[in-house]
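What follows is the content of data_21.cif, which has mmCIF, C-alpha atoms (C1' of nucleotides):
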data_run
loop_
_atom_site.label_atom_id
_atom_site.label_comp_id
_atom_site.auth_asym_id
_atom_site.auth_seq_id
_atom_site.Cartn_x
_atom_site.Cartn_y
_atom_site.Cartn_z
CA MET K 1 -131.35 -35.22 78.89
CA TYR K 2 -129.46 -33.48 81.64
CA ALA K 3 -130.27 -30.81 84.21
CA ILE K 4 -127.85 -27.94 84.63
CA SER K 5 -126.35 -29.43 87.78
CA GLU K 6 -125.73 -32.74 86.01
CA VAL K 7 -123.96 -31.05 83.14
CA ALA K 8 -121.91 -29.03 85.62
CA LYS K 9 -120.83 -32.19 87.34
CA LEU K 10 -120.16 -34.14 84.14
CA LEU K 11 -118.03 -31.42 82.59
CA SER K 12 -116.51 -30.01 85.77
CA VAL K 13 -117.82 -26.51 85.33
CA SER K 14 -120.07 -24.49 87.63
CA THR K 15 -123.73 -23.81 86.94
CA HIS K 16 -122.73 -20.15 87.03
CA THR K 17 -120.40 -20.74 84.13
CA LEU K 18 -123.05 -22.61 82.15
CA ARG K 19 -125.49 -19.71 82.58
CA TYR K 20 -122.70 -17.32 81.68
CA TYR K 21 -122.00 -19.23 78.47
CA GLU K 22 -125.66 -19.06 77.71
CA LYS K 23 -125.68 -15.29 78.22
CA GLU K 24 -122.70 -15.18 75.86
CA ASP K 25 -124.70 -17.15 73.27
CA ILE K 26 -122.36 -20.11 73.39
CA ILE K 27 -124.89 -22.77 74.42
CA ILE K 28 -128.61 -22.35 74.48
CA PRO K 29 -130.14 -25.45 76.08
CA ASN K 30 -133.77 -26.48 75.75
CA ARG K 31 -136.31 -25.82 78.48
CA ASN K 32 -138.84 -28.14 80.13
CA GLU K 33 -142.40 -27.29 81.25
CA ASN K 34 -140.98 -25.65 84.37
CA LYS K 35 -138.65 -23.50 82.28
CA GLU K 36 -135.66 -25.40 83.58
CA ARG K 37 -132.66 -25.84 81.34
CA VAL K 38 -132.47 -29.23 79.62
CA TYR K 39 -129.26 -30.23 77.92
CA THR K 40 -129.31 -33.02 75.35
CA GLU K 41 -126.45 -35.29 74.36
CA SER K 42 -125.80 -32.95 71.48
CA HIS K 43 -125.56 -29.93 73.79
CA LEU K 44 -123.08 -31.91 75.81
CA ASN K 45 -121.00 -32.69 72.75
CA TRP K 46 -121.04 -29.06 71.73
CA LEU K 47 -119.91 -28.07 75.24
CA LYS K 48 -117.10 -30.59 75.10
CA PHE K 49 -116.04 -29.14 71.77
CA VAL K 50 -116.18 -25.64 73.23
CA MET K 51 -113.98 -26.74 76.09
CA LYS K 52 -111.44 -28.14 73.67
CA LEU K 53 -111.38 -24.82 71.86
CA LYS K 54 -110.95 -23.00 75.17
CA GLU K 55 -108.17 -25.33 76.29
CA THR K 56 -106.36 -24.49 73.11
CA GLN K 57 -106.65 -20.75 73.78
CA MET K 58 -109.52 -19.79 71.56
CA PRO K 59 -111.10 -16.67 73.11
CA ILE K 60 -114.75 -16.77 74.13
CA ALA K 61 -115.54 -14.10 71.53
CA GLN K 62 -114.36 -16.37 68.73
CA ILE K 63 -116.21 -19.36 70.09
CA ARG K 64 -119.33 -17.21 70.22
CA GLU K 65 -118.71 -16.23 66.61
CA TYR K 66 -118.46 -19.87 65.57
CA ALA K 67 -121.67 -20.65 67.45
CA ARG K 68 -123.38 -17.73 65.75
CA LEU K 69 -122.28 -18.93 62.31
CA PHE K 70 -123.49 -22.40 63.16
CA LYS K 71 -126.95 -21.10 64.01
CA GLU K 72 -127.10 -19.16 60.76
CA GLY K 73 -126.97 -22.40 58.83
CA GLU K 74 -125.55 -23.75 55.63
CA GLN K 75 -124.58 -20.48 53.99
CA THR K 76 -121.90 -19.94 56.66
CA THR K 77 -120.09 -23.20 55.99
CA GLN K 78 -117.19 -21.45 54.29
CA ALA K 79 -116.80 -18.94 57.12
CA ARG K 80 -116.82 -21.69 59.72
CA LEU K 81 -114.23 -23.63 57.76
CA GLU K 82 -111.98 -20.60 57.67
CA LEU K 83 -112.40 -19.99 61.37
CA LEU K 84 -111.44 -23.57 62.15
CA GLU K 85 -108.51 -23.48 59.74
CA ASN K 86 -107.22 -20.33 61.43
CA HIS K 87 -107.50 -22.00 64.78
CA GLN K 88 -105.68 -25.03 63.46
CA ILE K 89 -102.82 -22.75 62.46
CA SER K 90 -102.88 -21.15 65.89
CA ILE K 91 -102.65 -24.62 67.43
CA GLN K 92 -99.72 -25.53 65.21
CA ILE K 93 -97.89 -22.37 66.24
CA GLN K 94 -98.57 -23.12 69.89
CA ILE K 95 -97.20 -26.63 69.46
CA GLU K 96 -94.05 -25.26 67.79
CA ASN K 97 -93.54 -22.81 70.65
CA LEU K 98 -94.07 -25.46 73.25
CA LEU K 99 -91.65 -27.84 71.56
CA THR K 100 -88.99 -25.15 71.32
CA THR K 101 -89.37 -24.23 74.96
CA GLU K 102 -89.45 -27.85 75.99
CA LYS K 103 -86.12 -28.44 74.29
CA MET K 104 -84.68 -25.39 75.99
CA LEU K 105 -85.97 -26.61 79.35
CA GLU K 106 -84.60 -30.06 78.78
CA ASP K 107 -81.12 -28.61 78.30
CA LYS K 108 -81.45 -26.46 81.36
CA ILE K 109 -82.73 -29.37 83.41
CA LYS K 110 -79.85 -31.50 82.22
CA ALA K 111 -77.40 -28.79 83.22
CA TYR K 112 -78.95 -28.55 86.67
CA LYS K 113 -78.77 -32.31 87.10
CA ASP K 114 -75.13 -32.41 86.03
CA PHE K 115 -74.38 -29.66 88.46
CA ILE K 116 -76.14 -31.41 91.33
CA ASN K 117 -74.66 -34.85 90.66
CA ASN K 118 -71.13 -34.15 89.59
CA LYS K 119 -70.55 -30.56 90.57
CA ILE K 120 -68.87 -30.13 87.17
CA MET T 1 -75.83 -2.29 77.14
CA TYR T 2 -79.41 -1.28 76.37
CA ALA T 3 -81.70 1.50 77.51
CA ILE T 4 -85.24 0.60 78.49
CA SER T 5 -86.67 1.80 75.18
CA GLU T 6 -84.17 -0.31 73.24
CA VAL T 7 -85.09 -3.41 75.19
CA ALA T 8 -88.76 -2.61 74.69
CA LYS T 9 -88.21 -2.41 70.96
CA LEU T 10 -85.98 -5.48 70.73
CA LEU T 11 -88.37 -7.68 72.69
CA SER T 12 -91.65 -6.11 71.57
CA VAL T 13 -92.82 -5.17 75.03
CA SER T 14 -93.70 -1.76 76.42
CA THR T 15 -91.48 0.17 78.81
CA HIS T 16 -94.47 0.03 81.17
CA THR T 17 -94.28 -3.71 81.13
CA LEU T 18 -90.54 -3.72 81.77
CA ARG T 19 -91.01 -1.48 84.80
CA TYR T 20 -93.89 -3.67 85.91
CA TYR T 21 -91.69 -6.77 85.69
CA GLU T 22 -89.13 -4.95 87.74
CA LYS T 23 -91.69 -4.11 90.40
CA GLU T 24 -92.61 -7.79 90.37
CA ASP T 25 -88.95 -8.71 90.95
CA ILE T 26 -88.63 -10.48 87.64
CA ILE T 27 -85.80 -8.40 86.15
CA ILE T 28 -83.72 -5.89 88.02
CA PRO T 29 -81.51 -4.06 85.49
CA ASN T 30 -78.39 -2.09 86.40
CA ARG T 31 -78.43 1.68 86.66
CA ASN T 32 -76.08 4.27 85.17
CA GLU T 33 -74.86 7.53 86.76
CA ASN T 34 -78.19 9.15 85.90
CA LYS T 35 -80.07 6.31 87.60
CA GLU T 36 -81.38 5.17 84.25
CA ARG T 37 -82.01 1.48 83.71
CA VAL T 38 -79.24 -0.33 81.86
CA TYR T 39 -79.89 -3.81 80.56
CA THR T 40 -76.95 -6.05 79.69
CA GLU T 41 -76.91 -8.93 77.24
CA SER T 42 -77.51 -11.22 80.17
CA HIS T 43 -80.58 -9.27 81.26
CA LEU T 44 -81.82 -9.61 77.71
CA ASN T 45 -81.28 -13.35 77.73
CA TRP T 46 -83.09 -13.64 81.02
CA LEU T 47 -85.99 -11.63 79.60
CA LYS T 48 -86.12 -13.86 76.56
CA PHE T 49 -86.22 -16.87 78.84
CA VAL T 50 -88.99 -15.27 80.88
CA MET T 51 -90.98 -14.66 77.72
CA LYS T 52 -90.62 -18.29 76.73
CA LEU T 53 -91.96 -19.30 80.12
CA LYS T 54 -94.85 -16.88 79.75
CA GLU T 55 -95.63 -18.07 76.24
CA THR T 56 -95.91 -21.57 77.64
CA GLN T 57 -98.39 -20.40 80.30
CA MET T 58 -96.18 -20.12 83.35
CA PRO T 59 -97.84 -17.59 85.66
CA ILE T 60 -95.91 -14.45 86.63
CA ALA T 61 -95.94 -15.58 90.27
CA GLN T 62 -94.02 -18.72 89.39
CA ILE T 63 -91.55 -16.86 87.21
CA ARG T 64 -91.00 -14.50 90.11
CA GLU T 65 -90.39 -17.49 92.35
CA TYR T 66 -87.80 -18.88 89.96
CA ALA T 67 -86.08 -15.49 89.80
CA ARG T 68 -86.07 -15.32 93.59
CA LEU T 69 -84.49 -18.76 93.88
CA PHE T 70 -81.89 -17.77 91.33
CA LYS T 71 -80.91 -14.75 93.37
CA GLU T 72 -80.61 -16.88 96.50
CA GLY T 73 -77.80 -18.82 94.90
CA GLU T 74 -76.45 -22.32 94.82
CA GLN T 75 -78.43 -23.79 97.70
CA THR T 76 -81.65 -23.41 95.69
CA THR T 77 -80.43 -25.49 92.76
CA GLN T 78 -82.64 -28.43 93.67
CA ALA T 79 -85.71 -26.22 94.06
CA ARG T 80 -85.11 -24.58 90.70
CA LEU T 81 -84.67 -27.96 89.07
CA GLU T 82 -87.99 -29.12 90.48
CA LEU T 83 -89.74 -25.97 89.31
CA LEU T 84 -88.43 -26.45 85.78
CA GLU T 85 -89.30 -30.14 85.79
CA ASN T 86 -92.86 -29.31 86.83
CA HIS T 87 -93.09 -26.81 84.05
CA GLN T 88 -91.75 -29.35 81.59
CA ILE T 89 -94.58 -31.68 82.59
CA SER T 90 -97.06 -28.85 82.16
CA ILE T 91 -95.67 -28.25 78.67
CA GLN T 92 -95.98 -31.91 77.79
CA ILE T 93 -99.61 -31.92 78.91
CA GLN T 94 -100.30 -28.81 76.85
CA ILE T 95 -98.74 -30.46 73.79
CA GLU T 96 -100.89 -33.56 74.29
CA ASN T 97 -104.02 -31.43 74.54
CA LEU T 98 -103.11 -29.44 71.48
CA LEU T 99 -102.39 -32.55 69.44
CA THR T 100 -105.70 -34.10 70.44
CA THR T 101 -107.63 -30.99 69.51
CA GLU T 102 -105.69 -30.58 66.29
CA LYS T 103 -106.69 -34.08 65.23
CA MET T 104 -110.29 -33.32 66.06
CA LEU T 105 -110.14 -30.09 64.08
CA GLU T 106 -108.55 -31.82 61.14
CA ASP T 107 -111.48 -34.21 60.96
CA LYS T 108 -113.99 -31.39 61.22
CA ILE T 109 -112.15 -29.37 58.59
CA LYS T 110 -112.12 -32.36 56.29
CA ALA T 111 -115.84 -32.83 56.79
CA TYR T 112 -116.49 -29.17 55.97
CA LYS T 113 -114.35 -29.42 52.83
CA ASP T 114 -116.14 -32.55 51.68
CA PHE T 115 -119.43 -30.85 52.26
CA ILE T 116 -118.41 -27.75 50.33
CA ASN T 117 -116.88 -29.64 47.38
CA ASN T 118 -119.14 -32.59 46.90
CA LYS T 119 -122.23 -31.75 48.92
CA ILE T 120 -122.13 -35.35 50.12
"C1'" DA C 1 -83.77 27.23 75.27
"C1'" DT C 2 -86.47 23.51 74.50
"C1'" DA C 3 -87.72 19.03 73.12
"C1'" DG C 4 -87.01 14.29 74.23
"C1'" DT C 5 -86.06 10.45 77.20
"C1'" DT C 6 -85.95 8.73 81.49
"C1'" DG C 7 -86.91 8.81 86.19
"C1'" DT C 8 -90.28 8.68 90.46
"C1'" DT C 9 -94.71 7.50 93.27
"C1'" DA C 10 -99.19 6.23 93.52
"C1'" DG C 11 -102.91 4.81 91.99
"C1'" DA C 12 -106.64 4.23 88.35
"C1'" DG C 13 -108.28 1.73 84.33
"C1'" DT C 14 -108.61 -2.31 81.14
"C1'" DT C 15 -109.52 -6.92 79.49
"C1'" DT C 16 -110.89 -11.65 79.91
"C1'" DA C 17 -113.36 -15.03 81.86
"C1'" DC C 18 -115.46 -16.05 85.12
"C1'" DT C 19 -117.70 -16.16 90.02
"C1'" DC C 20 -120.75 -14.78 93.24
"C1'" DT C 21 -124.61 -12.29 95.73
"C1'" DA C 22 -129.10 -10.54 96.50
"C1'" DA C 23 -133.75 -11.09 96.53
"C1'" DG C 24 -137.37 -12.94 95.16
"C1'" DT C 25 -140.41 -16.81 92.57
"C1'" DC C 26 -141.77 -21.50 91.63
"C1'" DA C 27 -142.18 -26.54 91.49
"C1'" DA C 28 -140.82 -31.16 93.20
"C1'" DA C 29 -139.49 -34.14 96.80
"C1'" DT C 30 -139.52 -35.59 101.80
"C1'" DA X 1 -144.69 -27.91 105.73
"C1'" DT X 2 -140.25 -27.27 104.48
"C1'" DT X 3 -136.12 -28.16 102.23
"C1'" DT X 4 -133.99 -28.44 97.79
"C1'" DG X 5 -132.97 -27.16 93.32
"C1'" DA X 6 -134.06 -24.38 89.72
"C1'" DC X 7 -135.37 -19.94 87.90
"C1'" DT X 8 -134.88 -14.52 87.17
"C1'" DT X 9 -132.48 -9.75 86.86
"C1'" DA X 10 -128.98 -6.90 87.82
"C1'" DG X 11 -125.06 -5.94 89.17
"C1'" DA X 12 -120.75 -6.47 92.14
"C1'" DG X 13 -116.39 -8.83 92.92
"C1'" DT X 14 -112.18 -11.41 91.55
"C1'" DA X 15 -107.72 -12.60 89.48
"C1'" DA X 16 -104.11 -12.00 86.23
"C1'" DA X 17 -101.37 -9.29 83.64
"C1'" DC X 18 -100.85 -5.60 82.10
"C1'" DT X 19 -101.55 -0.49 80.64
"C1'" DC X 20 -101.90 4.08 81.42
"C1'" DT X 21 -102.09 8.74 83.75
"C1'" DA X 22 -100.64 12.48 86.55
"C1'" DA X 23 -97.32 15.43 88.02
"C1'" DC X 24 -93.13 16.66 88.64
"C1'" DA X 25 -87.67 16.02 88.45
"C1'" DA X 26 -83.44 15.54 85.88
"C1'" DC X 27 -80.28 14.80 82.23
"C1'" DT X 28 -79.13 14.81 76.96
"C1'" DA X 29 -79.23 16.43 72.51
"C1'" DT X 30 -80.34 20.10 69.08
#
Would you encode the structure as structure tokens?
Amino acid sequence: MYAISEVAKLLSVSTHTLRYYEKEDIIIPNRNENKERVYTESHLNWLKFVMKLKETQMPIAQIREYARLFKEGEQTTQARLELLENHQISIQIQIENLLTTEKMLEDKIKAYKDFINNKI
Amino acid sequence: MYAISEVAKLLSVSTHTLRYYEKEDIIIPNRNENKERVYTESHLNWLKFVMKLKETQMPIAQIREYARLFKEGEQTTQARLELLENHQISIQIQIENLLTTEKMLEDKIKAYKDFINNKI
DNA sequence: ATAGTTGTTAGAGTTTACTCTAAGTCAAAT
DNA sequence: ATTTGACTTAGAGTAAACTCTAACAACTAT
């Protein structure tokens, strides 16, 4: 059980951002008697998952959509699967692009090094 | 030799964007007698390179910096090399992150499929 | 002649994802 | 008693990278 400030610290986000995600229906923590947000281990895991999706360029709107489907329950399993499969494809494309550019950079870097060392 | 609209079409960007990049000192095309922008093959290659950098998350400010160094000439070779090497590292980190998340997604996708097919 | 393309300056508008402020309440800790 | 941390609503501000508009000039093609 974590307070908002603890979660912020653990996941390196601001409390502002956590409240913002809540407003965007991405994480809805529990509340204690004083109406303070209480995040469980499972909220934390969900947030970590969300951050992975964000890191890999999934827009907030799509993350919200996944969260919404999740809340709707079992009948959305197929839709969630499709969403994740689409994101997997997006990730694969990103990796391809990065690899291509990395190769290009490697050549350029090599050329620069040759130039600096040997003035060919 | 390409007019702005041809470049826009070839590279799938708007003429607005091309003028914006020019204002940001990222590409400065030649001009003809009528002061119209004229892009050579080499401008096109530079633009393609720029788009690769953008695709791999290099901010405009850094691309501008690289372009500036380029214009300054040979004495900035070392600086340009360092900039590209830093970006290469950034690319490698991005690839690592993507691979990690892809593996995670693959597991989740598998779990969803199992659930759907066998209701385990 | 007129439609189309390009040019200019200057600035306004858009989108995404935060990020922060105000202004006030409430409960726990020192 | 007061500081601290949390809460609320409502909205303003920020940064990046476009994206578009206005309003008018100038050349090219039909």
I'd like to see the residues matched by the PyMOL selection byres ((chain K) within 10 of (chain X)) on this file, and ideally I'd get them as a PDB file with C-alpha atoms, in the frame of the given file.
ATOM      1  CA  ALA K   3    -130.270 -30.810  84.210  1.00  0.00           C
ATOM      2  CA  ILE K   4    -127.850 -27.940  84.630  1.00  0.00           C
ATOM      3  CA  SER K   5    -126.350 -29.430  87.780  1.00  0.00           C
ATOM      4  CA  ASN K  34    -140.980 -25.650  84.370  1.00  0.00           C
ATOM      5  CA  LYS K  35    -138.650 -23.500  82.280  1.00  0.00           C
ATOM      6  CA  GLU K  36    -135.660 -25.400  83.580  1.00  0.00           C
ATOM      7  CA  ARG K  37    -132.660 -25.840  81.340  1.00  0.00           C
TER       8      ARG K  37
END
What are the nearest atom pairs, with distances in Å to one decimal, for all residues of chain K that come at most 12 Å from chain C, using all atoms listed in the file, set out by chain and rising residue number as CSV?
residue,atom,partner,partner_atom,distance
K:Val13,CA,C:DC18,C1',10.7
K:Ser14,CA,C:DT19,C1',9.0
K:Thr15,CA,C:DT19,C1',10.2
K:His16,CA,C:DT19,C1',7.1
K:Thr17,CA,C:DC18,C1',6.9
K:Leu18,CA,C:DC18,C1',10.5
K:Arg19,CA,C:DC18,C1',11.0
K:Tyr20,CA,C:DC18,C1',8.1
K:Tyr21,CA,C:DC18,C1',9.9
K:Glu24,CA,C:DA17,C1',11.1
K:Asn32,CA,C:DA27,C1',11.9
K:Glu33,CA,C:DA27,C1',10.3
K:Asn34,CA,C:DA27,C1',7.3
K:Lys35,CA,C:DC26,C1',10.1
K:Glu36,CA,C:DA27,C1',10.3
K:Lys54,CA,C:DA17,C1',10.7
K:Gln57,CA,C:DT16,C1',11.8
K:Met58,CA,C:DT16,C1',11.7
K:Pro59,CA,C:DT16,C1',8.5
K:Ile60,CA,C:DA17,C1',8.0
K:Ala61,CA,C:DT16,C1',9.9
Just write the chosen residues, C-alpha atoms, as a PDB file, keeping the file's coordinate frame.
ATOM      1  CA  VAL K  13    -117.820 -26.510  85.330  1.00  0.00           C
ATOM      2  CA  SER K  14    -120.070 -24.490  87.630  1.00  0.00           C
ATOM      3  CA  THR K  15    -123.730 -23.810  86.940  1.00  0.00           C
ATOM      4  CA  HIS K  16    -122.730 -20.150  87.030  1.00  0.00           C
ATOM      5  CA  THR K  17    -120.400 -20.740  84.130  1.00  0.00           C
ATOM      6  CA  LEU K  18    -123.050 -22.610  82.150  1.00  0.00           C
ATOM      7  CA  ARG K  19    -125.490 -19.710  82.580  1.00  0.00           C
ATOM      8  CA  TYR K  20    -122.700 -17.320  81.680  1.00  0.00           C
ATOM      9  CA  TYR K  21    -122.000 -19.230  78.470  1.00  0.00           C
ATOM     10  CA  GLU K  24    -122.700 -15.180  75.860  1.00  0.00           C
ATOM     11  CA  ASN K  32    -138.840 -28.140  80.130  1.00  0.00           C
ATOM     12  CA  GLU K  33    -142.400 -27.290  81.250  1.00  0.00           C
ATOM     13  CA  ASN K  34    -140.980 -25.650  84.370  1.00  0.00           C
ATOM     14  CA  LYS K  35    -138.650 -23.500  82.280  1.00  0.00           C
ATOM     15  CA  GLU K  36    -135.660 -25.400  83.580  1.00  0.00           C
ATOM     16  CA  LYS K  54    -110.950 -23.000  75.170  1.00  0.00           C
ATOM     17  CA  GLN K  57    -106.650 -20.750  73.780  1.00  0.00           C
ATOM     18  CA  MET K  58    -109.520 -19.790  71.560  1.00  0.00           C
ATOM     19  CA  PRO K  59    -111.100 -16.670  73.110  1.00  0.00           C
ATOM     20  CA  ILE K  60    -114.750 -16.770  74.130  1.00  0.00           C
ATOM     21  CA  ALA K  61    -115.540 -14.100  71.530  1.00  0.00           C
TER      22      ALA K  61
END
*So which residues touch segment 63-77 of chain T within 8 Å, counting only C-alpha atoms (C1' of nucleotides), skipping near sequence neighbours fewer than 5 positions away, as a list in words?*
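Skipping anything fewer than 5 positions along the chain leaves Tyr112 and Ile116 of chain K; Glu24, Asp25, Ile26, Ile27, Val50, Leu53, Met58 and Leu83 of chain T.
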*Identify the residues around (-112.6, -25.8, 63.2) within a radius of 6 Å, measuring from only C-alpha atoms (C1' of nucleotides) in the coordinates stated by the file, and give them as an MDAnalysis selection string.*
(chainID K and resid 84:85) or (chainID T and resid 105 109)
*Taking the file as shown, find all residues satisfying the PyMOL selection byres ((chain K) within 12 of (chain T)) and write them as a PyMOL selection string.*
chain K and resi 48-58+74-117+119
*In Å, rounded to a single decimal, give me how far atom CA of Tyr39 of chain T is from atom CA of Lys9 of chain T.*
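A separation of 12.8 Å between them.
The gap separating atom CA of Trp46 of chain T from atom CA of Asn118 of chain K is 25.2 Å, in Å to one decimal.
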*Interatomic distance, atom CA of Ala8 of chain K to atom CA of Arg31 of chain K (Å, one decimal)*: 16.4 Å
